[in-house]
$ cat model.txt   # compact mmCIF, C-alpha atoms (C1' of nucleotides)
# COMPACT_ATOMS: atom_id res chain seq x y z
CA MET A 1 -7.74 0.39 -24.29
CA ASN A 2 -5.53 -0.94 -21.52
CA SER A 3 -5.73 -4.36 -23.11
CA LYS A 4 -2.33 -5.25 -21.69
CA ARG A 5 -3.44 -4.52 -18.19
CA GLN A 6 -6.54 -6.57 -18.69
CA ASN A 7 -4.42 -9.43 -19.96
CA PHE A 8 -2.09 -9.07 -17.05
CA PHE A 9 -4.92 -9.21 -14.55
CA ASN A 10 -6.40 -12.17 -16.34
CA ASP A 11 -3.06 -13.95 -16.46
CA VAL A 12 -2.60 -13.46 -12.74
CA TYR A 13 -6.00 -14.95 -12.03
CA GLU A 14 -5.26 -17.84 -14.32
CA VAL A 15 -2.02 -18.66 -12.54
CA VAL A 16 -3.59 -18.35 -9.11
CA ARG A 17 -6.32 -20.70 -10.20
CA GLN A 18 -3.63 -23.32 -10.94
CA VAL A 19 -2.28 -23.26 -7.41
CA PRO A 20 -3.01 -26.73 -6.05
CA PHE A 21 -5.19 -27.28 -3.01
CA GLY A 22 -3.18 -26.97 0.15
CA ARG A 23 -0.29 -25.20 -1.53
CA VAL A 24 0.75 -21.55 -1.66
CA THR A 25 2.76 -19.26 -3.91
CA SER A 26 4.04 -15.71 -3.79
CA TYR A 27 3.34 -12.47 -5.59
CA GLY A 28 6.88 -12.30 -6.84
CA ALA A 29 6.78 -15.84 -8.21
CA ILE A 30 3.66 -15.03 -10.19
CA ALA A 31 5.14 -11.78 -11.44
CA ALA A 32 8.32 -13.55 -12.52
CA PHE A 33 6.32 -16.22 -14.29
CA LEU A 34 4.42 -13.58 -16.22
CA GLY A 35 7.65 -11.88 -17.21
CA THR A 36 7.13 -8.81 -15.08
CA LYS A 37 9.43 -9.71 -12.26
CA GLY A 38 9.82 -6.20 -10.98
CA SER A 39 6.11 -5.71 -10.73
CA ALA A 40 5.20 -7.99 -7.89
CA ARG A 41 3.18 -5.13 -6.48
CA MET A 42 1.01 -5.21 -9.56
CA VAL A 43 0.20 -8.82 -8.80
CA GLY A 44 -1.08 -7.78 -5.43
CA TYR A 45 -2.88 -4.97 -7.10
CA ALA A 46 -4.49 -7.44 -9.46
CA MET A 47 -5.52 -9.55 -6.52
CA ASN A 48 -7.17 -6.53 -5.06
CA ALA A 49 -9.49 -6.57 -8.03
CA SER A 50 -9.87 -10.35 -7.91
CA HIS A 51 -13.14 -9.99 -6.09
CA ALA A 52 -14.67 -9.58 -9.55
CA ALA A 53 -13.17 -12.84 -10.81
CA VAL A 54 -14.41 -16.23 -9.67
CA ASN A 55 -12.45 -19.26 -8.54
CA VAL A 56 -9.44 -17.18 -7.62
CA PRO A 57 -8.05 -18.54 -4.35
CA ALA A 58 -6.35 -15.33 -3.30
CA HIS A 59 -5.68 -16.80 0.12
CA ARG A 60 -3.08 -19.10 -1.45
CA VAL A 61 -0.98 -16.11 -2.43
CA VAL A 62 1.35 -14.74 0.20
CA ASN A 63 4.50 -12.67 0.10
CA ARG A 64 8.01 -14.05 -0.29
CA ASN A 65 8.28 -14.70 3.46
CA GLY A 66 5.06 -16.68 3.55
CA ILE A 67 3.34 -13.92 5.46
CA LEU A 68 -0.36 -13.30 4.94
CA THR A 69 0.11 -9.70 3.95
CA GLY A 70 -3.21 -9.53 2.20
CA LYS A 71 -5.39 -10.77 5.02
CA ASN A 72 -6.70 -7.30 5.73
CA HIS A 73 -8.22 -7.16 2.29
CA PHE A 74 -10.60 -10.00 2.98
CA GLU A 75 -14.01 -9.48 4.43
CA ASP A 76 -12.51 -10.41 7.75
CA PRO A 77 -8.83 -10.37 8.70
CA THR A 78 -9.22 -13.94 9.89
CA GLU A 79 -10.72 -15.16 6.65
CA MET A 80 -7.43 -15.77 4.85
CA GLN A 81 -5.97 -17.85 7.65
CA ARG A 82 -9.21 -19.72 8.12
CA LEU A 83 -9.36 -20.65 4.44
CA LEU A 84 -5.75 -21.82 4.45
CA GLU A 85 -6.17 -23.94 7.54
CA SER A 86 -9.35 -25.39 6.08
CA GLU A 87 -7.16 -26.96 3.42
CA GLY A 88 -4.45 -28.13 5.76
CA VAL A 89 -2.11 -25.16 5.59
CA LEU A 90 -1.19 -24.19 9.10
CA VAL A 91 -0.71 -20.53 9.87
CA ARG A 92 1.28 -19.31 12.83
CA ASP A 93 1.63 -15.65 13.64
CA ASP A 94 0.24 -14.58 10.25
CA ARG A 95 2.79 -16.76 8.55
CA VAL A 96 2.47 -20.04 6.65
CA VAL A 97 4.07 -22.85 8.63
CA ASP A 98 6.56 -24.78 6.52
CA PHE A 99 6.22 -22.20 3.79
CA GLU A 100 9.19 -23.42 1.78
CA ARG A 101 7.76 -26.92 1.69
CA LEU A 102 4.29 -25.79 0.67
CA PHE A 103 5.56 -23.19 -1.78
CA TRP A 104 4.36 -23.82 -5.31
CA ASP A 105 6.47 -22.20 -8.00
CA PRO A 106 4.58 -21.51 -11.27
CA GLU A 107 7.82 -21.49 -13.22
CA LYS A 108 8.70 -24.98 -12.14
CA ASN A 109 5.27 -26.54 -12.10
CA LEU A 110 3.36 -24.65 -14.72
CA MET A 111 5.28 -24.33 -17.94
CA THR A 112 2.93 -22.89 -20.45
C1' DC B 1 0.36 17.61 -13.66
C1' DG B 2 2.76 16.22 -9.32
C1' DA B 3 2.65 13.56 -5.09
C1' DC B 4 1.20 9.67 -2.61
C1' DT B 5 -0.23 4.96 -2.00
C1' DG B 6 0.12 0.13 -2.02
C1' DA B 7 -2.01 -7.84 -1.24
C1' DC B 8 6.07 -6.81 -3.30
C1' DG B 9 10.92 -7.70 -3.67
C1' DG B 10 15.84 -7.01 -4.09
C1' DG B 11 19.83 -4.73 -2.55
C1' DG B 12 22.48 -1.84 0.40
C1' DT B 13 23.55 -0.03 5.21
C1' DG C 1 18.97 -9.17 11.19
C1' DA C 2 16.37 -4.89 11.45
C1' DC C 3 15.91 -0.94 8.58
C1' DC C 4 15.86 2.01 4.60
C1' DC C 5 15.64 3.08 -0.27
C1' DC C 6 14.50 2.31 -4.95
C1' DG C 7 12.00 0.27 -8.91
C1' DC C 8 7.79 -1.38 -10.35
C1' DC C 9 2.99 0.91 -12.35
C1' DA C 10 -2.12 1.63 -11.85
C1' DG C 11 -5.25 4.32 -9.33
C1' DT C 12 -6.55 8.28 -6.43
C1' DC C 13 -6.38 13.03 -4.70
$ encode --input "model.txt" --output "structure tokens"
Amino acid sequence: MNSKRQNFFNDVYEVVRQVPFGRVTSYGAIAAFLGTKGSARMVGYAMNASHAAVNVPAHRVVNRNGILTGKNHFEDPTEMQRLLESEGVLVRDDRVVDFERLFWDPEKNLMT
DNA sequence: CGACTGACGGGGT
DNA sequence: GACCCCGCCAGTC
């Protein structure tokens, strides 16, 4: 049952795990990479369940504007920003500074 | 079963 | 550029 969904969730985690230290990506980029471009929301939904998975740096996934939209889903709203800044990613006003420069596109860097 | 809700994004106004 | 609407689809009520 729901094997596709399970695969999708797993694929999302796998991609997120490939995001390099100090870099960030977006929900839409991951969705596009997995071939479900229109379902960026599902990526976020998958992240919501990522608490079960290990080694999934959910804090490196932001929305297309580089905004930390998921920060409220961490134990503390400040956790996401704190984790990012701990790896050199500056956050200003809930947004990744120099987002376009730090953006890591799975389609360009992870061709599997 | 229908309506609502999102860690989203693109397109139109 | 702010704002609104629609598609996406799993989960909840």
$ interface_residues --input "model.txt" --of "chain C" --to "chain A" --cutoff "8 Å" --atoms "only C-alpha atoms (C1' of nucleotides)" --output "short mmCIF file (atom, residue, chain, number, x, y, z; two decimals) with C-alpha atoms (C1' of nucleotides), in the coordinates of the input"
data_model
loop_
_atom_site.label_atom_id
_atom_site.label_comp_id
_atom_site.auth_asym_id
_atom_site.auth_seq_id
_atom_site.Cartn_x
_atom_site.Cartn_y
_atom_site.Cartn_z
"C1'" DG C 7 12.00 0.27 -8.91
"C1'" DC C 8 7.79 -1.38 -10.35
"C1'" DC C 9 2.99 0.91 -12.35
"C1'" DA C 10 -2.12 1.63 -11.85
#
$ residues_near_point --input "model.txt" --point "(-0.5, -10.9, -9.2)" --cutoff "6 Å" --atoms "only C-alpha atoms (C1' of nucleotides)" --output "ChimeraX atom specification"
/A:12,27,30,42-44,46-47
$ atom_distance --input "model.txt" --atom1 "atom CA of A:Glu87" --atom2 "atom CA of A:Trp104"
14.8 Å
$ interface_residues --input "model.txt" --of "chain B" --to "chain A" --cutoff "7 Å" --atoms "only C-alpha atoms (C1' of nucleotides)" --output "list in words"
DA7, DC8 and DG9 of chain B
$ residues_around --input "model.txt" --residues "B:DC4" --least-positions-apart "5" --cutoff "12 Å" --atoms "all atoms listed in the file" --output "ChimeraX atom specification"
/C:11-13
$ atom_distance --input "model.txt" --atom1 "atom CA of A:Phe103" --atom2 "atom CA of A:Arg23"
6.2 Å
$ residues_near_point --input "model.txt" --point "(-9.8, -20.1, -0.9)" --cutoff "10 Å" --atoms "all atoms listed in the file" --output "PyMOL selection string"
chain A and resi 17+21-22+55-61+79-87
$ atom_distance --input "model.txt" --atom1 "atom CA of A:Val97" --atom2 "atom CA of A:Glu75"
22.9 Å
$ build_atoms --input "model.txt" --residues "stretch 6-35 of chain A" --atoms "N, CA and C atoms" --output "PDB file, keeping the file's coordinate frame"
ATOM      1  N   GLN A   6      -5.488  -5.564 -18.829  1.00  0.00           N
ATOM      2  CA  GLN A   6      -6.540  -6.570 -18.690  1.00  0.00           C
ATOM      3  C   GLN A   6      -5.951  -7.959 -18.811  1.00  0.00           C
ATOM      4  N   ASN A   7      -5.037  -8.132 -19.774  1.00  0.00           N
ATOM      5  CA  ASN A   7      -4.420  -9.430 -19.960  1.00  0.00           C
ATOM      6  C   ASN A   7      -3.604  -9.814 -18.736  1.00  0.00           C
ATOM      7  N   PHE A   8      -2.924  -8.822 -18.221  1.00  0.00           N
ATOM      8  CA  PHE A   8      -2.090  -9.070 -17.050  1.00  0.00           C
ATOM      9  C   PHE A   8      -2.947  -9.548 -15.878  1.00  0.00           C
ATOM     10  N   PHE A   9      -4.005  -8.827 -15.635  1.00  0.00           N
ATOM     11  CA  PHE A   9      -4.920  -9.210 -14.550  1.00  0.00           C
ATOM     12  C   PHE A   9      -5.430 -10.627 -14.786  1.00  0.00           C
ATOM     13  N   ASN A  10      -5.843 -10.870 -16.004  1.00  0.00           N
ATOM     14  CA  ASN A  10      -6.400 -12.170 -16.340  1.00  0.00           C
ATOM     15  C   ASN A  10      -5.365 -13.277 -16.169  1.00  0.00           C
ATOM     16  N   ASP A  11      -4.134 -12.980 -16.586  1.00  0.00           N
ATOM     17  CA  ASP A  11      -3.060 -13.950 -16.460  1.00  0.00           C
ATOM     18  C   ASP A  11      -2.811 -14.276 -14.993  1.00  0.00           C
ATOM     19  N   VAL A  12      -2.818 -13.254 -14.185  1.00  0.00           N
ATOM     20  CA  VAL A  12      -2.600 -13.460 -12.740  1.00  0.00           C
ATOM     21  C   VAL A  12      -3.671 -14.390 -12.186  1.00  0.00           C
ATOM     22  N   TYR A  13      -4.904 -14.107 -12.532  1.00  0.00           N
ATOM     23  CA  TYR A  13      -6.000 -14.950 -12.030  1.00  0.00           C
ATOM     24  C   TYR A  13      -5.826 -16.387 -12.496  1.00  0.00           C
ATOM     25  N   GLU A  14      -5.412 -16.512 -13.756  1.00  0.00           N
ATOM     26  CA  GLU A  14      -5.260 -17.840 -14.320  1.00  0.00           C
ATOM     27  C   GLU A  14      -4.203 -18.645 -13.580  1.00  0.00           C
ATOM     28  N   VAL A  15      -3.097 -17.984 -13.279  1.00  0.00           N
ATOM     29  CA  VAL A  15      -2.020 -18.660 -12.540  1.00  0.00           C
ATOM     30  C   VAL A  15      -2.480 -19.036 -11.137  1.00  0.00           C
ATOM     31  N   VAL A  16      -3.122 -18.090 -10.477  1.00  0.00           N
ATOM     32  CA  VAL A  16      -3.590 -18.350  -9.110  1.00  0.00           C
ATOM     33  C   VAL A  16      -4.566 -19.514  -9.082  1.00  0.00           C
ATOM     34  N   ARG A  17      -5.359 -19.601 -10.124  1.00  0.00           N
ATOM     35  CA  ARG A  17      -6.320 -20.700 -10.200  1.00  0.00           C
ATOM     36  C   ARG A  17      -5.621 -22.048 -10.294  1.00  0.00           C
ATOM     37  N   GLN A  18      -4.369 -22.052 -10.775  1.00  0.00           N
ATOM     38  CA  GLN A  18      -3.630 -23.320 -10.940  1.00  0.00           C
ATOM     39  C   GLN A  18      -2.948 -23.750  -9.651  1.00  0.00           C
ATOM     40  N   VAL A  19      -2.921 -22.882  -8.670  1.00  0.00           N
ATOM     41  CA  VAL A  19      -2.280 -23.260  -7.410  1.00  0.00           C
ATOM     42  C   VAL A  19      -3.055 -24.418  -6.787  1.00  0.00           C
ATOM     43  N   PRO A  20      -2.366 -25.521  -6.578  1.00  0.00           N
ATOM     44  CA  PRO A  20      -3.010 -26.730  -6.050  1.00  0.00           C
ATOM     45  C   PRO A  20      -3.591 -26.513  -4.658  1.00  0.00           C
ATOM     46  N   PHE A  21      -4.573 -27.287  -4.327  1.00  0.00           N
ATOM     47  CA  PHE A  21      -5.190 -27.280  -3.010  1.00  0.00           C
ATOM     48  C   PHE A  21      -4.138 -27.565  -1.952  1.00  0.00           C
ATOM     49  N   GLY A  22      -4.129 -26.741  -0.938  1.00  0.00           N
ATOM     50  CA  GLY A  22      -3.180 -26.970   0.150  1.00  0.00           C
ATOM     51  C   GLY A  22      -1.783 -26.473  -0.122  1.00  0.00           C
ATOM     52  N   ARG A  23      -1.617 -25.744  -1.213  1.00  0.00           N
ATOM     53  CA  ARG A  23      -0.290 -25.200  -1.530  1.00  0.00           C
ATOM     54  C   ARG A  23      -0.391 -23.691  -1.613  1.00  0.00           C
ATOM     55  N   VAL A  24       0.752 -23.009  -1.581  1.00  0.00           N
ATOM     56  CA  VAL A  24       0.750 -21.550  -1.660  1.00  0.00           C
ATOM     57  C   VAL A  24       1.846 -21.065  -2.607  1.00  0.00           C
ATOM     58  N   THR A  25       1.728 -19.850  -3.060  1.00  0.00           N
ATOM     59  CA  THR A  25       2.760 -19.260  -3.910  1.00  0.00           C
ATOM     60  C   THR A  25       2.915 -17.803  -3.495  1.00  0.00           C
ATOM     61  N   SER A  26       3.796 -17.098  -4.187  1.00  0.00           N
ATOM     62  CA  SER A  26       4.040 -15.710  -3.790  1.00  0.00           C
ATOM     63  C   SER A  26       3.769 -14.741  -4.932  1.00  0.00           C
ATOM     64  N   TYR A  27       3.595 -13.517  -4.595  1.00  0.00           N
ATOM     65  CA  TYR A  27       3.340 -12.470  -5.590  1.00  0.00           C
ATOM     66  C   TYR A  27       4.507 -12.391  -6.569  1.00  0.00           C
ATOM     67  N   GLY A  28       5.694 -12.417  -6.008  1.00  0.00           N
ATOM     68  CA  GLY A  28       6.880 -12.300  -6.840  1.00  0.00           C
ATOM     69  C   GLY A  28       7.019 -13.454  -7.811  1.00  0.00           C
ATOM     70  N   ALA A  29       6.681 -14.663  -7.359  1.00  0.00           N
ATOM     71  CA  ALA A  29       6.780 -15.840  -8.210  1.00  0.00           C
ATOM     72  C   ALA A  29       5.833 -15.715  -9.397  1.00  0.00           C
ATOM     73  N   ILE A  30       4.642 -15.224  -9.127  1.00  0.00           N
ATOM     74  CA  ILE A  30       3.660 -15.030 -10.190  1.00  0.00           C
ATOM     75  C   ILE A  30       4.138 -13.962 -11.164  1.00  0.00           C
ATOM     76  N   ALA A  31       4.646 -12.876 -10.601  1.00  0.00           N
ATOM     77  CA  ALA A  31       5.140 -11.780 -11.440  1.00  0.00           C
ATOM     78  C   ALA A  31       6.269 -12.264 -12.333  1.00  0.00           C
ATOM     79  N   ALA A  32       7.180 -13.029 -11.762  1.00  0.00           N
ATOM     80  CA  ALA A  32       8.320 -13.550 -12.520  1.00  0.00           C
ATOM     81  C   ALA A  32       7.835 -14.465 -13.629  1.00  0.00           C
ATOM     82  N   PHE A  33       6.864 -15.286 -13.302  1.00  0.00           N
ATOM     83  CA  PHE A  33       6.320 -16.220 -14.290  1.00  0.00           C
ATOM     84  C   PHE A  33       5.682 -15.483 -15.454  1.00  0.00           C
ATOM     85  N   LEU A  34       5.080 -14.361 -15.174  1.00  0.00           N
ATOM     86  CA  LEU A  34       4.420 -13.580 -16.220  1.00  0.00           C
ATOM     87  C   LEU A  34       5.392 -12.653 -16.947  1.00  0.00           C
ATOM     88  N   GLY A  35       6.652 -12.687 -16.523  1.00  0.00           N
ATOM     89  CA  GLY A  35       7.650 -11.880 -17.210  1.00  0.00           C
ATOM     90  C   GLY A  35       7.720 -10.439 -16.741  1.00  0.00           C
TER      91      GLY A  35
END
